[in-house]
$ cat model18.cif   # mmCIF, C-alpha atoms and all ligand atoms
data_upload
loop_
_atom_site.label_atom_id
_atom_site.label_comp_id
_atom_site.auth_asym_id
_atom_site.auth_seq_id
_atom_site.Cartn_x
_atom_site.Cartn_y
_atom_site.Cartn_z
CA MET A 388 -23.21 -18.54 2.89
CA ILE A 389 -21.94 -15.42 1.17
CA ASP A 390 -19.48 -15.20 -1.69
CA THR A 391 -18.10 -11.69 -1.19
CA HIS A 392 -16.03 -11.70 -4.38
CA SER A 393 -17.47 -13.20 -7.53
CA HIS A 394 -17.08 -12.45 -11.23
CA LEU A 395 -20.03 -14.57 -12.39
CA PHE A 396 -20.55 -12.08 -15.24
CA ASP A 397 -17.37 -13.47 -16.81
CA ASP A 398 -17.55 -15.11 -20.24
CA ALA A 399 -16.57 -18.38 -18.53
CA PHE A 400 -20.24 -18.56 -17.38
CA LYS A 401 -21.83 -17.53 -20.64
CA GLU A 402 -23.19 -21.00 -21.36
CA ASP A 403 -24.46 -22.00 -17.93
CA LEU A 404 -25.00 -19.00 -15.65
CA GLU A 405 -28.52 -20.16 -14.78
CA ALA A 406 -27.20 -23.58 -13.74
CA CYS A 407 -24.46 -21.93 -11.63
CA ILE A 408 -27.06 -19.79 -9.87
CA THR A 409 -29.24 -22.85 -9.23
CA ARG A 410 -26.26 -24.63 -7.67
CA CYS A 411 -25.69 -21.60 -5.43
CA ILE A 412 -29.28 -21.62 -4.27
CA ASN A 413 -29.18 -25.39 -3.67
CA GLU A 414 -25.98 -25.02 -1.63
CA ASN A 415 -27.52 -22.15 0.37
CA VAL A 416 -25.20 -19.49 -1.07
CA ASN A 417 -27.84 -16.78 -0.90
CA LYS A 418 -25.80 -13.62 -1.31
CA ILE A 419 -23.11 -12.91 -3.88
CA VAL A 420 -21.13 -9.70 -4.19
CA LEU A 421 -20.50 -9.23 -7.92
CA VAL A 422 -17.24 -7.37 -8.22
CA GLY A 423 -16.57 -5.14 -11.22
CA PHE A 424 -13.03 -4.17 -12.19
CA SER A 425 -13.39 -2.09 -15.39
CA HIS A 426 -15.99 0.18 -16.98
CA GLU A 427 -17.26 -2.77 -18.99
CA THR A 428 -17.49 -5.25 -16.09
CA ASN A 429 -19.00 -2.66 -13.73
CA GLN A 430 -21.84 -2.35 -16.22
CA LYS A 431 -22.12 -6.13 -16.64
CA ALA A 432 -22.18 -6.74 -12.88
CA PHE A 433 -24.91 -4.16 -12.45
CA GLU A 434 -27.02 -5.57 -15.27
CA ILE A 435 -26.88 -9.14 -13.97
CA ALA A 436 -27.64 -7.92 -10.45
CA THR A 437 -30.89 -6.34 -11.62
CA LYS A 438 -32.08 -9.75 -12.87
CA TYR A 439 -31.40 -11.88 -9.79
CA ASN A 440 -31.86 -10.70 -6.24
CA LEU A 441 -28.98 -12.69 -4.73
CA PHE A 442 -26.46 -10.38 -6.41
CA TYR A 443 -24.98 -7.19 -5.00
CA PRO A 444 -22.88 -5.29 -7.55
CA THR A 445 -19.79 -3.17 -6.98
CA ALA A 446 -17.85 -0.83 -9.26
CA GLY A 447 -14.13 -0.29 -9.48
CA LEU A 448 -11.08 -0.02 -11.65
CA HIS A 449 -8.45 -2.72 -11.23
CA PRO A 450 -4.79 -1.58 -11.20
CA SER A 451 -4.33 -3.29 -14.57
CA GLU A 452 -6.73 -0.63 -15.93
CA ALA A 453 -4.37 2.19 -14.90
CA THR A 454 -3.32 4.40 -17.81
CA LYS A 455 -2.43 8.04 -18.41
CA ASP A 456 -6.19 8.61 -18.73
CA TYR A 457 -6.76 7.76 -15.06
CA GLN A 458 -8.36 11.16 -14.40
CA LYS A 459 -11.01 10.64 -17.05
CA ASP A 460 -11.53 7.05 -15.88
CA LEU A 461 -12.12 8.26 -12.33
CA GLU A 462 -14.64 10.83 -13.56
CA ASP A 463 -16.50 8.15 -15.52
CA LEU A 464 -16.45 5.83 -12.50
CA GLU A 465 -17.91 8.58 -10.32
CA VAL A 466 -20.72 9.19 -12.81
CA PHE A 467 -21.46 5.46 -12.74
CA VAL A 468 -21.49 5.33 -8.92
CA GLN A 469 -23.83 8.33 -8.75
CA SER A 470 -26.35 6.75 -11.09
CA HIS A 471 -26.18 3.05 -10.10
CA LYS A 472 -26.70 1.45 -6.70
CA VAL A 473 -23.39 -0.24 -5.84
CA TYR A 474 -22.28 -1.78 -2.56
CA ALA A 475 -18.56 -1.08 -2.69
CA ILE A 476 -15.79 0.65 -4.59
CA GLY A 477 -13.50 -1.95 -6.09
CA GLU A 478 -11.82 -3.99 -6.83
CA CYS A 479 -9.05 -1.44 -6.80
CA GLY A 480 -5.53 -1.37 -5.46
CA LEU A 481 -1.98 -2.05 -6.55
CA ASP A 482 -0.51 -4.89 -8.58
CA TYR A 483 3.24 -4.90 -9.24
CA HIS A 484 3.30 -8.53 -10.36
CA TYR A 485 3.56 -7.74 -14.06
CA GLY A 486 6.02 -4.88 -13.65
CA LYS A 487 6.06 -1.36 -12.35
CA GLU A 488 5.85 0.70 -15.56
CA ASN A 489 2.51 2.26 -14.63
CA ILE A 490 3.14 2.46 -10.89
CA VAL A 491 2.39 6.21 -10.73
CA GLU A 492 -0.90 5.82 -12.61
CA GLN A 493 -1.80 2.78 -10.48
CA GLN A 494 -1.32 4.77 -7.29
CA LEU A 495 -3.28 7.77 -8.56
CA LEU A 496 -6.11 5.56 -9.79
CA PHE A 497 -6.15 3.81 -6.40
CA GLU A 498 -6.18 7.03 -4.36
CA GLY A 499 -8.90 8.46 -6.57
CA GLN A 500 -11.06 5.46 -5.72
CA ILE A 501 -10.30 5.75 -2.01
CA ASN A 502 -11.60 9.30 -2.21
CA LEU A 503 -14.74 8.10 -3.99
CA ALA A 504 -15.32 5.51 -1.26
CA ILE A 505 -15.06 8.26 1.36
CA LYS A 506 -17.29 10.66 -0.58
CA TYR A 507 -20.04 8.07 -1.13
CA ASN A 508 -19.52 6.29 2.20
CA LEU A 509 -18.82 2.90 0.61
CA PRO A 510 -16.43 0.12 1.64
CA LEU A 511 -13.36 -0.60 -0.48
CA ILE A 512 -12.50 -3.96 -2.05
CA ILE A 513 -8.73 -4.06 -2.27
CA HIS A 514 -6.70 -6.06 -4.77
CA MET A 515 -3.07 -6.24 -3.64
CA ARG A 516 -0.39 -8.27 -5.38
CA ASP A 517 3.35 -7.91 -4.76
CA ALA A 518 2.63 -4.42 -3.44
CA THR A 519 1.90 -4.83 0.27
CA LEU A 520 3.96 -1.94 1.62
CA ASP A 521 2.77 0.67 -0.90
CA THR A 522 -0.84 -0.44 -0.46
CA PHE A 523 -0.48 -0.11 3.30
CA LYS A 524 1.19 3.31 3.08
CA ILE A 525 -1.57 4.69 0.88
CA LEU A 526 -4.41 3.28 2.99
CA LYS A 527 -2.74 4.52 6.16
CA LYS A 528 -3.12 8.12 4.96
CA TYR A 529 -6.89 7.69 5.17
CA GLN A 530 -7.07 5.83 8.47
CA GLY A 531 -10.31 6.54 10.32
CA LYS A 532 -12.16 7.50 7.15
CA ILE A 533 -12.15 4.18 5.29
CA ARG A 534 -13.30 0.61 5.71
CA GLY A 535 -13.23 -2.41 3.46
CA VAL A 536 -11.77 -5.79 2.71
CA MET A 537 -8.40 -7.10 1.62
CA HIS A 538 -9.66 -9.49 -1.03
CA CYS A 539 -8.01 -12.92 -1.36
CA TYR A 540 -5.52 -11.88 1.29
CA SER A 541 -2.11 -13.44 0.78
CA GLY A 542 0.16 -11.26 2.92
CA SER A 543 1.82 -11.99 6.24
CA TYR A 544 0.23 -12.39 9.67
CA GLU A 545 1.97 -9.20 10.86
CA MET A 546 0.58 -7.14 7.99
CA ALA A 547 -2.85 -8.73 8.44
CA LYS A 548 -2.99 -7.22 11.91
CA GLU A 549 -1.97 -3.83 10.50
CA PHE A 550 -4.71 -3.88 7.85
CA ILE A 551 -7.27 -4.77 10.52
CA LYS A 552 -6.12 -1.73 12.52
CA LEU A 553 -6.85 0.38 9.43
CA GLY A 554 -10.46 -0.84 9.42
CA PHE A 555 -10.17 -3.71 6.99
CA MET A 556 -11.41 -7.26 7.00
CA LEU A 557 -9.55 -10.14 5.40
CA SER A 558 -11.22 -12.28 2.80
CA PHE A 559 -10.13 -15.81 1.99
CA GLY A 560 -10.93 -17.93 -1.04
CA GLY A 561 -9.77 -21.11 -2.74
CA PRO A 562 -6.08 -20.82 -1.79
CA ILE A 563 -6.91 -21.33 1.92
CA THR A 564 -7.75 -24.95 1.00
CA PHE A 565 -4.35 -25.57 -0.62
CA LYS A 566 -1.92 -27.69 1.38
CA ASN A 567 0.94 -25.20 0.99
CA ALA A 568 -1.05 -22.15 2.19
CA LYS A 569 0.69 -22.22 5.58
CA GLU A 570 0.67 -18.48 6.33
CA ASN A 571 -2.97 -18.14 5.28
CA LYS A 572 -4.00 -21.03 7.51
CA TYR A 573 -1.99 -19.57 10.39
CA ILE A 574 -3.75 -16.22 9.95
CA VAL A 575 -7.20 -17.81 10.00
CA GLU A 576 -6.30 -19.78 13.13
CA ASN A 577 -5.03 -16.71 14.95
CA ILE A 578 -7.30 -13.87 13.89
CA ASP A 579 -10.75 -13.31 15.35
CA LEU A 580 -13.45 -14.61 13.02
CA LYS A 581 -15.17 -11.23 13.19
CA TYR A 582 -12.54 -9.94 10.73
CA ILE A 583 -12.89 -12.77 8.22
CA LEU A 584 -14.94 -12.94 5.03
CA THR A 585 -15.39 -15.75 2.52
CA GLU A 586 -15.09 -15.47 -1.25
CA THR A 587 -14.34 -17.40 -4.43
CA ASP A 588 -12.90 -14.84 -6.91
CA CYS A 589 -14.52 -17.11 -9.52
CA PRO A 590 -13.81 -18.05 -12.28
CA TYR A 591 -10.27 -18.04 -10.83
CA LEU A 592 -8.62 -19.85 -7.90
CA ALA A 593 -10.96 -22.82 -7.40
CA PRO A 594 -10.69 -24.46 -3.98
CA MET A 595 -9.81 -28.10 -3.42
CA PRO A 596 -11.01 -30.51 -4.80
CA TYR A 597 -11.63 -28.37 -7.91
CA ARG A 598 -8.16 -26.78 -8.03
CA GLY A 599 -7.19 -25.87 -11.60
CA LYS A 600 -10.77 -26.04 -12.85
CA ARG A 601 -13.24 -23.21 -13.38
CA ASN A 602 -14.29 -21.81 -10.02
CA GLU A 603 -17.89 -20.81 -9.25
CA SER A 604 -19.68 -19.14 -6.34
CA SER A 605 -21.21 -22.35 -4.95
CA TYR A 606 -17.67 -23.58 -4.18
CA VAL A 607 -17.44 -20.99 -1.39
CA LYS A 608 -18.74 -23.86 0.73
CA ASN A 609 -15.32 -25.56 0.47
CA VAL A 610 -13.69 -22.39 1.78
CA LEU A 611 -16.04 -22.34 4.75
CA ILE A 612 -15.38 -26.00 5.51
CA GLU A 613 -11.64 -25.30 5.71
CA ILE A 614 -12.09 -22.19 7.87
CA ALA A 615 -14.32 -24.18 10.24
CA ARG A 616 -11.67 -26.90 10.43
CA LEU A 617 -8.90 -24.37 11.16
CA LYS A 618 -11.01 -22.57 13.76
CA GLN A 619 -12.22 -25.83 15.29
CA MET A 620 -15.73 -24.44 15.10
CA SER A 621 -18.89 -25.84 13.56
CA PHE A 622 -19.64 -25.06 9.93
CA GLU A 623 -22.91 -23.41 10.99
CA GLU A 624 -21.18 -21.11 13.44
CA VAL A 625 -18.59 -20.00 10.88
CA GLU A 626 -21.34 -19.50 8.33
CA LYS A 627 -23.36 -17.35 10.72
CA ILE A 628 -20.46 -15.13 11.76
CA THR A 629 -18.92 -14.61 8.31
CA GLU A 630 -22.36 -13.84 6.86
CA ALA A 631 -22.97 -11.25 9.54
CA ASN A 632 -19.53 -9.73 8.81
CA ALA A 633 -20.33 -9.35 5.12
CA ILE A 634 -23.83 -7.98 5.71
CA LYS A 635 -22.40 -5.36 8.03
CA LEU A 636 -19.43 -4.35 5.86
CA PHE A 637 -21.34 -4.06 2.58
CA ASN A 638 -24.60 -2.95 4.20
CA LEU A 639 -26.50 -5.72 2.40
CA GLU A 640 -30.27 -5.85 2.61
CA VAL A 641 -31.41 -9.02 4.36
NI NI B 701 -11.38 -10.41 -8.43
#
$ encode --input "model18.cif" --output "structure tokens"
Amino acid sequence: MIDTHSHLFDDAFKEDLEACITRCINENVNKIVLVGFSHETNQKAFEIATKYNLFYPTAGLHPSEATKDYQKDLEDLEVFVQSHKVYAIGECGLDYHYGKENIVEQQLLFEGQINLAIKYNLPLIIHMRDATLDTFKILKKYQGKIRGVMHCYSGSYEMAKEFIKLGFMLSFGGPITFKNAKENKYIVENIDLKYILTETDCPYLAPMPYRGKRNESSYVKNVLIEIARLKQMSFEEVEKITEANAIKLFNLEV
């Protein structure tokens, strides 16, 4: 199993990271993409990844990091990417959930990272919240040059098909296991498994039966169980295909 979106470097794991990693290994979660979202967490993700070989770090700047200094932040991010082996740019994207005051900076920070992904031939990990149309419009400008994943996808089925046309996969985490996730479940049922990835986004968004508690990468198993149920396929088959998808997208060493 692969958790393609983990923040195991978070302070929530300060006390028991080793135990969390042991649980991953015991559950057969053998690859974890450690997703950075700020200068500080990019560094943390990279440092942890050098200690354990199941981790694959990424580097990005989350839209909540967007300020008037975006230009300098992009330059610093590029320096980091040049000097550290990372497997993706992101998470990056647009988030209008907490207001639109920094919408211009968010979009510039996002486009700057798309250009980095193109320049260094890396996939993008996209965070999109309450900003589907703008995210789509920006990505569309780069169609044919980019690839990546819509992380914790929560948009519509129609838009899901559009993002796939742009070269993106859809990643599902804990929310797919929630009873009320009707659109998400419909998407998984109706989209070819070759476009689907599995993730946790831990420490957030724990799947059932851990909903509301701290999430961790080993719980990606619960996401796979639900996808297998929705697809009416065996767990092993879903595991095999989603693993292959992640290995291919992020170019993971096996
Ligand atoms: Ni995340």
$ closest_residue --input "model18.cif" --among "A:Leu481, A:Val607, A:Ile551, A:Ile614" --to "A:Leu520" --atoms "only C-alpha atoms"
A:Leu481
$ residues_around --input "model18.cif" --residues "A:Ile512" --least-positions-apart "2" --cutoff "7 Å" --atoms "all atoms listed in the file" --output "ChimeraX atom specification"
/A:475-479,510,514,535-538
$ closest_atom_pairs --input "model18.cif" --of "chain A" --to "ligand NI 701 (chain B)" --cutoff "7 Å" --atoms "all atoms listed in the file" --output "CSV"
residue,atom,partner,partner_atom,distance
A:His392,CA,B:NI701,NI,6.3
A:Ser393,CA,B:NI701,NI,6.8
A:His394,CA,B:NI701,NI,6.7
A:Val422,CA,B:NI701,NI,6.6
A:Glu478,CA,B:NI701,NI,6.6
A:Asp588,CA,B:NI701,NI,4.9
$ residues_around --input "model18.cif" --residues "A:Asp521" --least-positions-apart "3" --cutoff "9 Å" --atoms "all atoms listed in the file" --output "VMD selection string"
chain A and resid 481 494 518 524 to 526
$ closest_residue --input "model18.cif" --among "A:Leu639, A:Ala453, A:Ala446, A:Val575" --to "A:Lys618" --atoms "only C-alpha atoms"
A:Val575
$ closest_residue --input "model18.cif" --among "A:Val610, A:Val473, A:Ile501, A:Leu617" --to "A:Ile389" --atoms "all atoms listed in the file"
A:Val610
$ closest_residue --input "model18.cif" --among "A:Phe555, A:Tyr544, A:Phe424, A:Tyr591" --to "A:Glu576" --atoms "only C-alpha atoms"
A:Tyr544
$ closest_residue --input "model18.cif" --among "A:Ile505, A:Gln493, A:Ile435, A:Glu586" --to "A:Lys401" --atoms "all atoms listed in the file"
A:Ile435
$ closest_residue --input "model18.cif" --among "A:Ala568, A:Phe433, A:Lys581, A:Gly561" --to "A:Pro594" --atoms "all atoms listed in the file"
A:Gly561
$ atom_distance --input "model18.cif" --atom1 "atom CA of A:Lys572" --atom2 "atom CA of A:Ser541"
10.3 Å
$ residues_around --input "model18.cif" --residues "A:Lys552" --least-positions-apart "2" --cutoff "12 Å" --atoms "only C-alpha atoms" --output "VMD selection string"
chain A and resid 523 526 to 527 529 to 531 533 to 535 545 to 550 554 to 557 582
$ residues_near_point --input "model18.cif" --point "(2.9, -10.2, -12.9)" --cutoff "12 Å" --atoms "all atoms listed in the file" --output "PyMOL selection string"
chain A and resi 450-451+481-488+515-518
$ atom_distance --input "model18.cif" --atom1 "atom CA of A:Val468" --atom2 "atom CA of A:Phe442"
16.7 Å
$ closest_atom_pairs --input "model18.cif" --of "stretch 507-597 of chain A" --to "stretch 622-635 of chain A" --cutoff "7 Å" --atoms "all atoms listed in the file" --output "JSON lines"
{"residue": "A:Lys581", "atom": "CA", "partner": "A:Asn632", "partner_atom": "CA", "distance": 6.4}
{"residue": "A:Ile583", "atom": "CA", "partner": "A:Thr629", "partner_atom": "CA", "distance": 6.3}
{"residue": "A:Leu584", "atom": "CA", "partner": "A:Thr629", "partner_atom": "CA", "distance": 5.4}
{"residue": "A:Thr585", "atom": "CA", "partner": "A:Thr629", "partner_atom": "CA", "distance": 6.9}
$ axis_aligned_box --input "model18.cif" --around "stretch 426-445 of chain A" --padding-each-side "6 Å" --output "JSON"
{"center_x": -24.0, "center_y": -6.3, "center_z": -11.9, "size_x": 28.1, "size_y": 24.9, "size_z": 26.3}
$ residues_around --input "model18.cif" --residues "A:Val416" --least-positions-apart "5" --cutoff "10 Å" --atoms "only C-alpha atoms" --output "list in words"
Met388, Ile389, Asp390, Ile408, Thr409, Arg410, Cys411, Leu441, Ser604, Ser605, Tyr606, Val607 and Lys608 of chain A
$ write_last_selection --input "model18.cif" --atoms "C-alpha atoms" --output "compact mmCIF listing (two decimals), keeping the file's coordinate frame"
# COMPACT_ATOMS: atom_id res chain seq x y z
CA MET A 388 -23.21 -18.54 2.89
CA ILE A 389 -21.94 -15.42 1.17
CA ASP A 390 -19.48 -15.20 -1.69
CA ILE A 408 -27.06 -19.79 -9.87
CA THR A 409 -29.24 -22.85 -9.23
CA ARG A 410 -26.26 -24.63 -7.67
CA CYS A 411 -25.69 -21.60 -5.43
CA LEU A 441 -28.98 -12.69 -4.73
CA SER A 604 -19.68 -19.14 -6.34
CA SER A 605 -21.21 -22.35 -4.95
CA TYR A 606 -17.67 -23.58 -4.18
CA VAL A 607 -17.44 -20.99 -1.39
CA LYS A 608 -18.74 -23.86 0.73
$ build_atoms --input "model18.cif" --residues "stretch 411-425 of chain A" --atoms "N, CA, C and O atoms" --output "tab-separated table (two decimals), in the coordinates of the input"
chain	number	residue	atom	x	y	z
A	411	CYS	N	-25.87	-22.48	-6.59
A	411	CYS	CA	-25.69	-21.60	-5.43
A	411	CYS	C	-26.90	-21.70	-4.50
A	411	CYS	O	-26.75	-21.86	-3.28
A	412	ILE	N	-28.06	-21.59	-5.08
A	412	ILE	CA	-29.28	-21.62	-4.27
A	412	ILE	C	-29.41	-22.97	-3.56
A	412	ILE	O	-29.70	-23.03	-2.36
A	413	ASN	N	-29.12	-24.05	-4.28
A	413	ASN	CA	-29.18	-25.39	-3.67
A	413	ASN	C	-28.18	-25.57	-2.54
A	413	ASN	O	-28.43	-26.29	-1.58
A	414	GLU	N	-27.02	-24.90	-2.67
A	414	GLU	CA	-25.98	-25.02	-1.63
A	414	GLU	C	-26.18	-23.99	-0.51
A	414	GLU	O	-25.34	-23.87	0.37
A	415	ASN	N	-27.24	-23.18	-0.63
A	415	ASN	CA	-27.52	-22.15	0.37
A	415	ASN	C	-26.55	-20.97	0.32
A	415	ASN	O	-26.29	-20.31	1.33
A	416	VAL	N	-25.98	-20.72	-0.85
A	416	VAL	CA	-25.20	-19.49	-1.07
A	416	VAL	C	-26.23	-18.46	-1.53
A	416	VAL	O	-26.65	-18.45	-2.68
A	417	ASN	N	-26.68	-17.63	-0.59
A	417	ASN	CA	-27.84	-16.78	-0.90
A	417	ASN	C	-27.51	-15.31	-1.13
A	417	ASN	O	-28.38	-14.51	-1.44
A	418	LYS	N	-26.22	-14.98	-0.99
A	418	LYS	CA	-25.80	-13.62	-1.31
A	418	LYS	C	-24.44	-13.67	-2.01
A	418	LYS	O	-23.53	-14.36	-1.55
A	419	ILE	N	-24.35	-12.92	-3.10
A	419	ILE	CA	-23.11	-12.91	-3.88
A	419	ILE	C	-22.76	-11.47	-4.23
A	419	ILE	O	-23.58	-10.78	-4.86
A	420	VAL	N	-21.59	-11.03	-3.81
A	420	VAL	CA	-21.13	-9.70	-4.19
A	420	VAL	C	-20.44	-9.84	-5.55
A	420	VAL	O	-19.45	-10.57	-5.69
A	421	LEU	N	-21.01	-9.16	-6.54
A	421	LEU	CA	-20.50	-9.23	-7.92
A	421	LEU	C	-19.54	-8.07	-8.12
A	421	LEU	O	-19.96	-6.91	-8.15
A	422	VAL	N	-18.28	-8.39	-8.27
A	422	VAL	CA	-17.24	-7.37	-8.22
A	422	VAL	C	-16.80	-6.96	-9.63
A	422	VAL	O	-16.24	-7.76	-10.37
A	423	GLY	N	-17.03	-5.70	-9.95
A	423	GLY	CA	-16.57	-5.14	-11.22
A	423	GLY	C	-15.12	-4.69	-11.11
A	423	GLY	O	-14.62	-4.44	-10.00
A	424	PHE	N	-14.44	-4.59	-12.23
A	424	PHE	CA	-13.03	-4.17	-12.19
A	424	PHE	C	-12.65	-3.30	-13.37
A	424	PHE	O	-11.49	-2.94	-13.54
A	425	SER	N	-13.63	-2.94	-14.21
A	425	SER	CA	-13.39	-2.09	-15.39
A	425	SER	C	-14.73	-1.45	-15.74
A	425	SER	O	-15.78	-1.91	-15.26
